[in-house]
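Everything below concerns the one structure shown next.
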Amino acid sequence: MLNQLLLRPVAADDLPIFFEQQADPDANYMAAFTVKDPGDRAAFMARWQRVLADPTVIIRTVVADGAVAGSVLSYEEDGRPEVSYWLGRAFWGQGIATRALAAFLADVNRTRPIYARAAKDNAGSLRVLEKCGFAVVGEDKGFANARGVEVEEFVLALAAEP
Ligand SMILES: CC(C)(COP(=O)(O)OP(=O)(O)OC[C@H]1O[C@@H](n2cnc3c(N)ncnc32)[C@H](O)[C@@H]1OP(=O)(O)O)[C@@H](O)C(=O)NCCC(=O)NCCS
């Protein structure tokens, strides 16, 4: 059982781990709206260098019992903050994403409302968001690189505390 979970700034040594985690085909299918080339290491490294240098992106590494489990981040989409997260497959099903997102929202990005998106059939991600207080506020659809077809998604929001 998981004991300690912490968020910390991304270190250079995390990137090869994130690369392997984001290349998982099942995870890509689940997330649907992924990059075109999850197996391209050079493209991954170039993308992450850009992301890490972008002042509108806030990223933390999720460390679970001392191991790099994945990442949680926020970025701006049309000026609105959105959260996203990705865990290595070995870390799924232990409540880590829920704890990591809750910690991110409490300690790292307290902007509200804050938004998220998930493919309508990404039950795990939708449940994580629901457990962190997000509610569906709309829907959208777009071409999903990981599936090669158009996929429907929910748009969710976490409102300010009443
Ligand atoms: C989605 C993801 C972050 C979930 O991480 P996780 O740590 O396994 O999630 P948690 O353990 O915190 O689970 C939270 C809830 O979701 C449920 N859940 C998790 N994965 C599920 C799945 N594949 N199908 C159905 N329910 C699922 C859990 O049972 C739990 O619900 P409960 O508390 O009611 O029992 C992880 O699978 C992942 O990184 N997937 C690939 C990338 C991705 O899809 N990112 C999100 C893009 S929008």
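Ordering of the structure tokens sets the chain letters (A, B, ...), residue numbers begin anew at 1 in every chain, and ligands are numbered from 1 in the order given.
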Exercise. So which residues of range 8-130 of chain A fall under strand (DSSP E) by DSSP, listed as a ChimeraX atom specification?
Worked result: /A:8,58-64,67-77,80-87,114-119
Using N, CA, C and O atoms, can you export the residues from the last selection as a short mmCIF file (atom, residue, chain, number, x, y, z; two decimals), in the first residue's frame?
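Writing the result to selection.cif gives the following:
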```cif
data_model
loop_
_atom_site.label_atom_id
_atom_site.label_comp_id
_atom_site.auth_asym_id
_atom_site.auth_seq_id
_atom_site.Cartn_x
_atom_site.Cartn_y
_atom_site.Cartn_z
N ARG A 8 7.17 17.45 -6.40
CA ARG A 8 8.38 18.29 -6.39
C ARG A 8 8.64 18.79 -7.81
O ARG A 8 8.10 18.24 -8.77
N ILE A 58 2.79 24.93 -15.28
CA ILE A 58 3.29 24.58 -13.94
C ILE A 58 3.28 23.06 -13.85
O ILE A 58 2.22 22.43 -14.01
N ILE A 59 4.44 22.46 -13.62
CA ILE A 59 4.53 20.99 -13.61
C ILE A 59 5.19 20.52 -12.33
O ILE A 59 6.16 21.13 -11.87
N ARG A 60 4.69 19.43 -11.82
CA ARG A 60 5.34 18.78 -10.69
C ARG A 60 5.51 17.29 -11.01
O ARG A 60 4.67 16.68 -11.66
N THR A 61 6.62 16.76 -10.50
CA THR A 61 6.83 15.32 -10.56
C THR A 61 6.11 14.69 -9.37
O THR A 61 6.21 15.20 -8.25
N VAL A 62 5.41 13.59 -9.63
CA VAL A 62 4.71 12.87 -8.57
C VAL A 62 5.64 11.77 -8.08
O VAL A 62 6.04 10.89 -8.87
N VAL A 63 6.00 11.83 -6.79
CA VAL A 63 6.90 10.84 -6.21
C VAL A 63 6.09 10.00 -5.21
O VAL A 63 5.54 10.54 -4.25
N ALA A 64 6.01 8.71 -5.47
CA ALA A 64 5.22 7.81 -4.62
C ALA A 64 6.17 6.83 -3.94
O ALA A 64 6.83 6.03 -4.62
N ALA A 67 9.52 6.74 -5.55
CA ALA A 67 9.66 6.44 -6.98
C ALA A 67 8.95 7.50 -7.82
O ALA A 67 7.90 8.02 -7.42
N VAL A 68 9.52 7.80 -8.99
CA VAL A 68 8.89 8.75 -9.91
C VAL A 68 7.69 8.07 -10.57
O VAL A 68 7.84 7.18 -11.42
N ALA A 69 6.48 8.47 -10.12
CA ALA A 69 5.26 7.80 -10.58
C ALA A 69 4.68 8.47 -11.82
O ALA A 69 3.91 7.84 -12.57
N GLY A 70 4.99 9.75 -12.04
CA GLY A 70 4.42 10.45 -13.19
C GLY A 70 4.47 11.95 -12.97
O GLY A 70 5.31 12.44 -12.20
N SER A 71 3.55 12.66 -13.62
CA SER A 71 3.56 14.11 -13.53
C SER A 71 2.14 14.65 -13.45
O SER A 71 1.18 13.99 -13.88
N VAL A 72 2.03 15.83 -12.89
CA VAL A 72 0.75 16.55 -12.85
C VAL A 72 1.06 17.98 -13.21
O VAL A 72 2.10 18.52 -12.81
N LEU A 73 0.23 18.60 -14.03
CA LEU A 73 0.56 19.92 -14.53
C LEU A 73 -0.67 20.76 -14.81
O LEU A 73 -1.79 20.23 -14.88
N SER A 74 -0.44 22.07 -14.94
CA SER A 74 -1.46 22.95 -15.46
C SER A 74 -0.85 23.77 -16.58
O SER A 74 0.35 24.05 -16.58
N TYR A 75 -1.70 24.15 -17.52
CA TYR A 75 -1.28 24.95 -18.67
C TYR A 75 -2.46 25.83 -19.03
O TYR A 75 -3.56 25.67 -18.48
N GLU A 76 -2.24 26.76 -19.95
CA GLU A 76 -3.35 27.64 -20.33
C GLU A 76 -3.84 27.28 -21.70
O GLU A 76 -3.07 27.13 -22.64
N GLU A 77 -5.15 27.12 -21.79
CA GLU A 77 -5.81 26.81 -23.06
C GLU A 77 -6.79 27.95 -23.32
O GLU A 77 -7.73 28.14 -22.53
N ARG A 80 -7.44 29.97 -20.31
CA ARG A 80 -8.04 29.33 -19.13
C ARG A 80 -7.10 28.25 -18.61
O ARG A 80 -6.57 27.46 -19.39
N PRO A 81 -6.88 28.17 -17.28
CA PRO A 81 -6.00 27.12 -16.77
C PRO A 81 -6.67 25.75 -16.84
O PRO A 81 -7.85 25.61 -16.51
N GLU A 82 -5.90 24.76 -17.31
CA GLU A 82 -6.39 23.38 -17.37
C GLU A 82 -5.37 22.48 -16.70
O GLU A 82 -4.16 22.70 -16.84
N VAL A 83 -5.84 21.44 -16.03
CA VAL A 83 -4.93 20.48 -15.42
C VAL A 83 -4.87 19.20 -16.25
O VAL A 83 -5.82 18.85 -16.96
N SER A 84 -3.76 18.49 -16.10
CA SER A 84 -3.60 17.18 -16.72
C SER A 84 -2.60 16.38 -15.89
O SER A 84 -1.92 16.94 -15.04
N TYR A 85 -2.56 15.09 -16.14
CA TYR A 85 -1.68 14.23 -15.34
C TYR A 85 -1.46 12.93 -16.12
O TYR A 85 -2.26 12.56 -16.99
N TRP A 86 -0.36 12.27 -15.76
CA TRP A 86 -0.03 11.01 -16.45
C TRP A 86 0.82 10.19 -15.49
O TRP A 86 1.84 10.68 -15.00
N LEU A 87 0.40 8.96 -15.24
CA LEU A 87 1.18 8.08 -14.37
C LEU A 87 1.70 6.89 -15.15
O LEU A 87 1.02 6.38 -16.05
N ILE A 114 -10.77 26.25 -12.45
CA ILE A 114 -9.71 25.60 -13.21
C ILE A 114 -10.37 24.43 -13.94
O ILE A 114 -11.32 23.84 -13.43
N TYR A 115 -9.88 24.13 -15.13
CA TYR A 115 -10.59 23.21 -16.02
C TYR A 115 -9.80 21.92 -16.27
O TYR A 115 -8.61 21.83 -15.94
N ALA A 116 -10.47 20.95 -16.86
CA ALA A 116 -9.82 19.70 -17.28
C ALA A 116 -10.64 19.12 -18.42
O ALA A 116 -11.81 19.49 -18.61
N ARG A 117 -10.03 18.21 -19.15
CA ARG A 117 -10.72 17.52 -20.24
C ARG A 117 -10.39 16.05 -20.14
O ARG A 117 -9.27 15.69 -19.77
N ALA A 118 -11.34 15.21 -20.51
CA ALA A 118 -11.05 13.77 -20.58
C ALA A 118 -11.96 13.15 -21.63
O ALA A 118 -13.14 13.54 -21.75
N ALA A 119 -11.41 12.19 -22.38
CA ALA A 119 -12.24 11.44 -23.33
C ALA A 119 -13.42 10.85 -22.56
O ALA A 119 -13.27 10.42 -21.41
#
```
Under the rule of at most 10 Å, produce a per-residue listing of chain A near ligand 1: chain, number, name, the closest pair of atoms, and the distance in Å, as a tab-separated table, using only C-alpha atoms and all ligand atoms.
```
residue	atom	partner	partner_atom_place_in_ligand_line	distance
A:Gln21	CA	ligand 1	39 (O)	8.6
A:Gln22	CA	ligand 1	42 (C)	7.6
A:Asp24	CA	ligand 1	41 (C)	8.4
A:Pro25	CA	ligand 1	41 (C)	9.4
A:Asp26	CA	ligand 1	41 (C)	7.7
A:Ala27	CA	ligand 1	41 (C)	4.1
A:Asn28	CA	ligand 1	41 (C)	6.5
A:Tyr29	CA	ligand 1	44 (O)	8.0
A:Met30	CA	ligand 1	44 (O)	5.0
A:Ala31	CA	ligand 1	44 (O)	3.7
A:Ala32	CA	ligand 1	44 (O)	7.6
A:Phe33	CA	ligand 1	47 (C)	7.8
A:Thr34	CA	ligand 1	47 (C)	8.7
A:Ala69	CA	ligand 1	7 (O)	9.1
A:Gly70	CA	ligand 1	39 (O)	7.6
A:Ser71	CA	ligand 1	39 (O)	8.8
A:Val72	CA	ligand 1	3 (C)	9.1
A:Val83	CA	ligand 1	48 (S)	8.6
A:Ser84	CA	ligand 1	47 (C)	6.0
A:Tyr85	CA	ligand 1	45 (N)	5.2
A:Trp86	CA	ligand 1	39 (O)	3.7
A:Leu87	CA	ligand 1	39 (O)	3.8
A:Gly88	CA	ligand 1	39 (O)	6.3
A:Arg89	CA	ligand 1	37 (O)	6.9
A:Ala90	CA	ligand 1	8 (O)	9.1
A:Phe91	CA	ligand 1	7 (O)	6.3
A:Trp92	CA	ligand 1	8 (O)	3.4
A:Gly93	CA	ligand 1	8 (O)	3.7
A:Gln94	CA	ligand 1	11 (O)	4.3
A:Gly95	CA	ligand 1	11 (O)	3.1
A:Ile96	CA	ligand 1	7 (O)	4.0
A:Ala97	CA	ligand 1	7 (O)	3.7
A:Thr98	CA	ligand 1	12 (O)	3.8
A:Arg99	CA	ligand 1	12 (O)	6.5
A:Ala100	CA	ligand 1	12 (O)	8.1
A:Leu101	CA	ligand 1	12 (O)	8.7
A:Ala102	CA	ligand 1	12 (O)	9.8
A:Ala116	CA	ligand 1	48 (S)	7.3
A:Arg117	CA	ligand 1	48 (S)	5.6
A:Ala118	CA	ligand 1	48 (S)	4.0
A:Ala119	CA	ligand 1	48 (S)	6.6
A:Lys120	CA	ligand 1	48 (S)	9.5
A:Asp121	CA	ligand 1	24 (N)	8.8
A:Asn122	CA	ligand 1	44 (O)	6.5
A:Ala123	CA	ligand 1	25 (C)	4.6
A:Gly124	CA	ligand 1	21 (C)	3.3
A:Ser125	CA	ligand 1	1 (C)	3.9
A:Leu126	CA	ligand 1	16 (O)	7.3
A:Arg127	CA	ligand 1	16 (O)	4.5
A:Val128	CA	ligand 1	14 (C)	4.5
A:Leu129	CA	ligand 1	14 (C)	8.3
A:Glu130	CA	ligand 1	15 (C)	8.7
A:Lys131	CA	ligand 1	14 (C)	7.3
A:Cys132	CA	ligand 1	14 (C)	9.5
A:Glu153	CA	ligand 1	48 (S)	9.0
A:Phe154	CA	ligand 1	48 (S)	9.5
A:Val155	CA	ligand 1	48 (S)	9.9
```
One decimal place gives the CA of Leu15 in chain A-CA of Asn109 in chain A separation as 22.0 Å
Note to self: Taking the DSSP secondary structure from the backbone, can you list the residues of chain A that are alpha helix (DSSP H), as an NGL selection string?
What the structure shows: :A and (14-22 or 25-31 or 41-53 or 96-103 or 123-131)
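Restricting the calculation to only C-alpha atoms, the smallest distance between Asp140 in chain A and any of A:Asp54, A:Asp40, A:Glu152, A:Asp78 is found for A:Glu152.
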Just want the 10 Å neighbourhood of Asn3 in chain A, counted on only C-alpha atoms, with same-chain residues fewer than 2 positions away dropped. Output as a ChimeraX atom specification.
/A:1,5,64-66
Write a file of the selected residues as a compact mmCIF listing (two decimals), in the first residue's frame, keeping all heavy atoms.
```txt
# COMPACT_ATOMS: atom_id res chain seq x y z
N MET A 1 0.83 -1.20 0.00
CA MET A 1 0.00 0.00 0.00
C MET A 1 0.87 1.25 0.00
O MET A 1 1.92 1.27 0.60
CB MET A 1 -0.91 -0.01 1.24
CG MET A 1 -2.22 0.70 0.99
SD MET A 1 -3.15 0.93 2.52
CE MET A 1 -2.50 2.49 3.07
N LEU A 5 3.33 10.31 -0.53
CA LEU A 5 3.24 10.90 -1.87
C LEU A 5 3.66 12.35 -1.78
O LEU A 5 3.21 13.07 -0.89
CB LEU A 5 1.81 10.81 -2.39
CG LEU A 5 1.66 11.29 -3.84
CD1 LEU A 5 0.77 10.34 -4.63
CD2 LEU A 5 1.10 12.70 -3.90
N ALA A 64 6.01 8.71 -5.47
CA ALA A 64 5.22 7.81 -4.62
C ALA A 64 6.17 6.83 -3.94
O ALA A 64 6.83 6.03 -4.62
CB ALA A 64 4.20 7.05 -5.47
N ASP A 65 6.24 6.92 -2.63
CA ASP A 65 7.16 6.09 -1.85
C ASP A 65 8.56 6.09 -2.48
O ASP A 65 9.19 5.05 -2.65
CB ASP A 65 6.62 4.67 -1.71
CG ASP A 65 5.47 4.60 -0.70
OD1 ASP A 65 5.36 5.52 0.15
OD2 ASP A 65 4.68 3.65 -0.77
N GLY A 66 9.00 7.28 -2.86
CA GLY A 66 10.37 7.46 -3.35
C GLY A 66 10.55 7.22 -4.84
O GLY A 66 11.62 7.51 -5.38
```
Of A:Ala144, A:Val137, A:Ala12, A:Ala159, the one sitting nearest Gln49 in chain A when using only C-alpha atoms is A:Ala12
Using only C-alpha atoms, the residue out of A:Ala43, A:Ala146, A:Ala11, A:Leu105 with shortest distance to Ala160 in chain A is A:Leu105
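Note that CA of Arg112 in chain A and CA of Leu156 in chain A are 12.2 Å apart.
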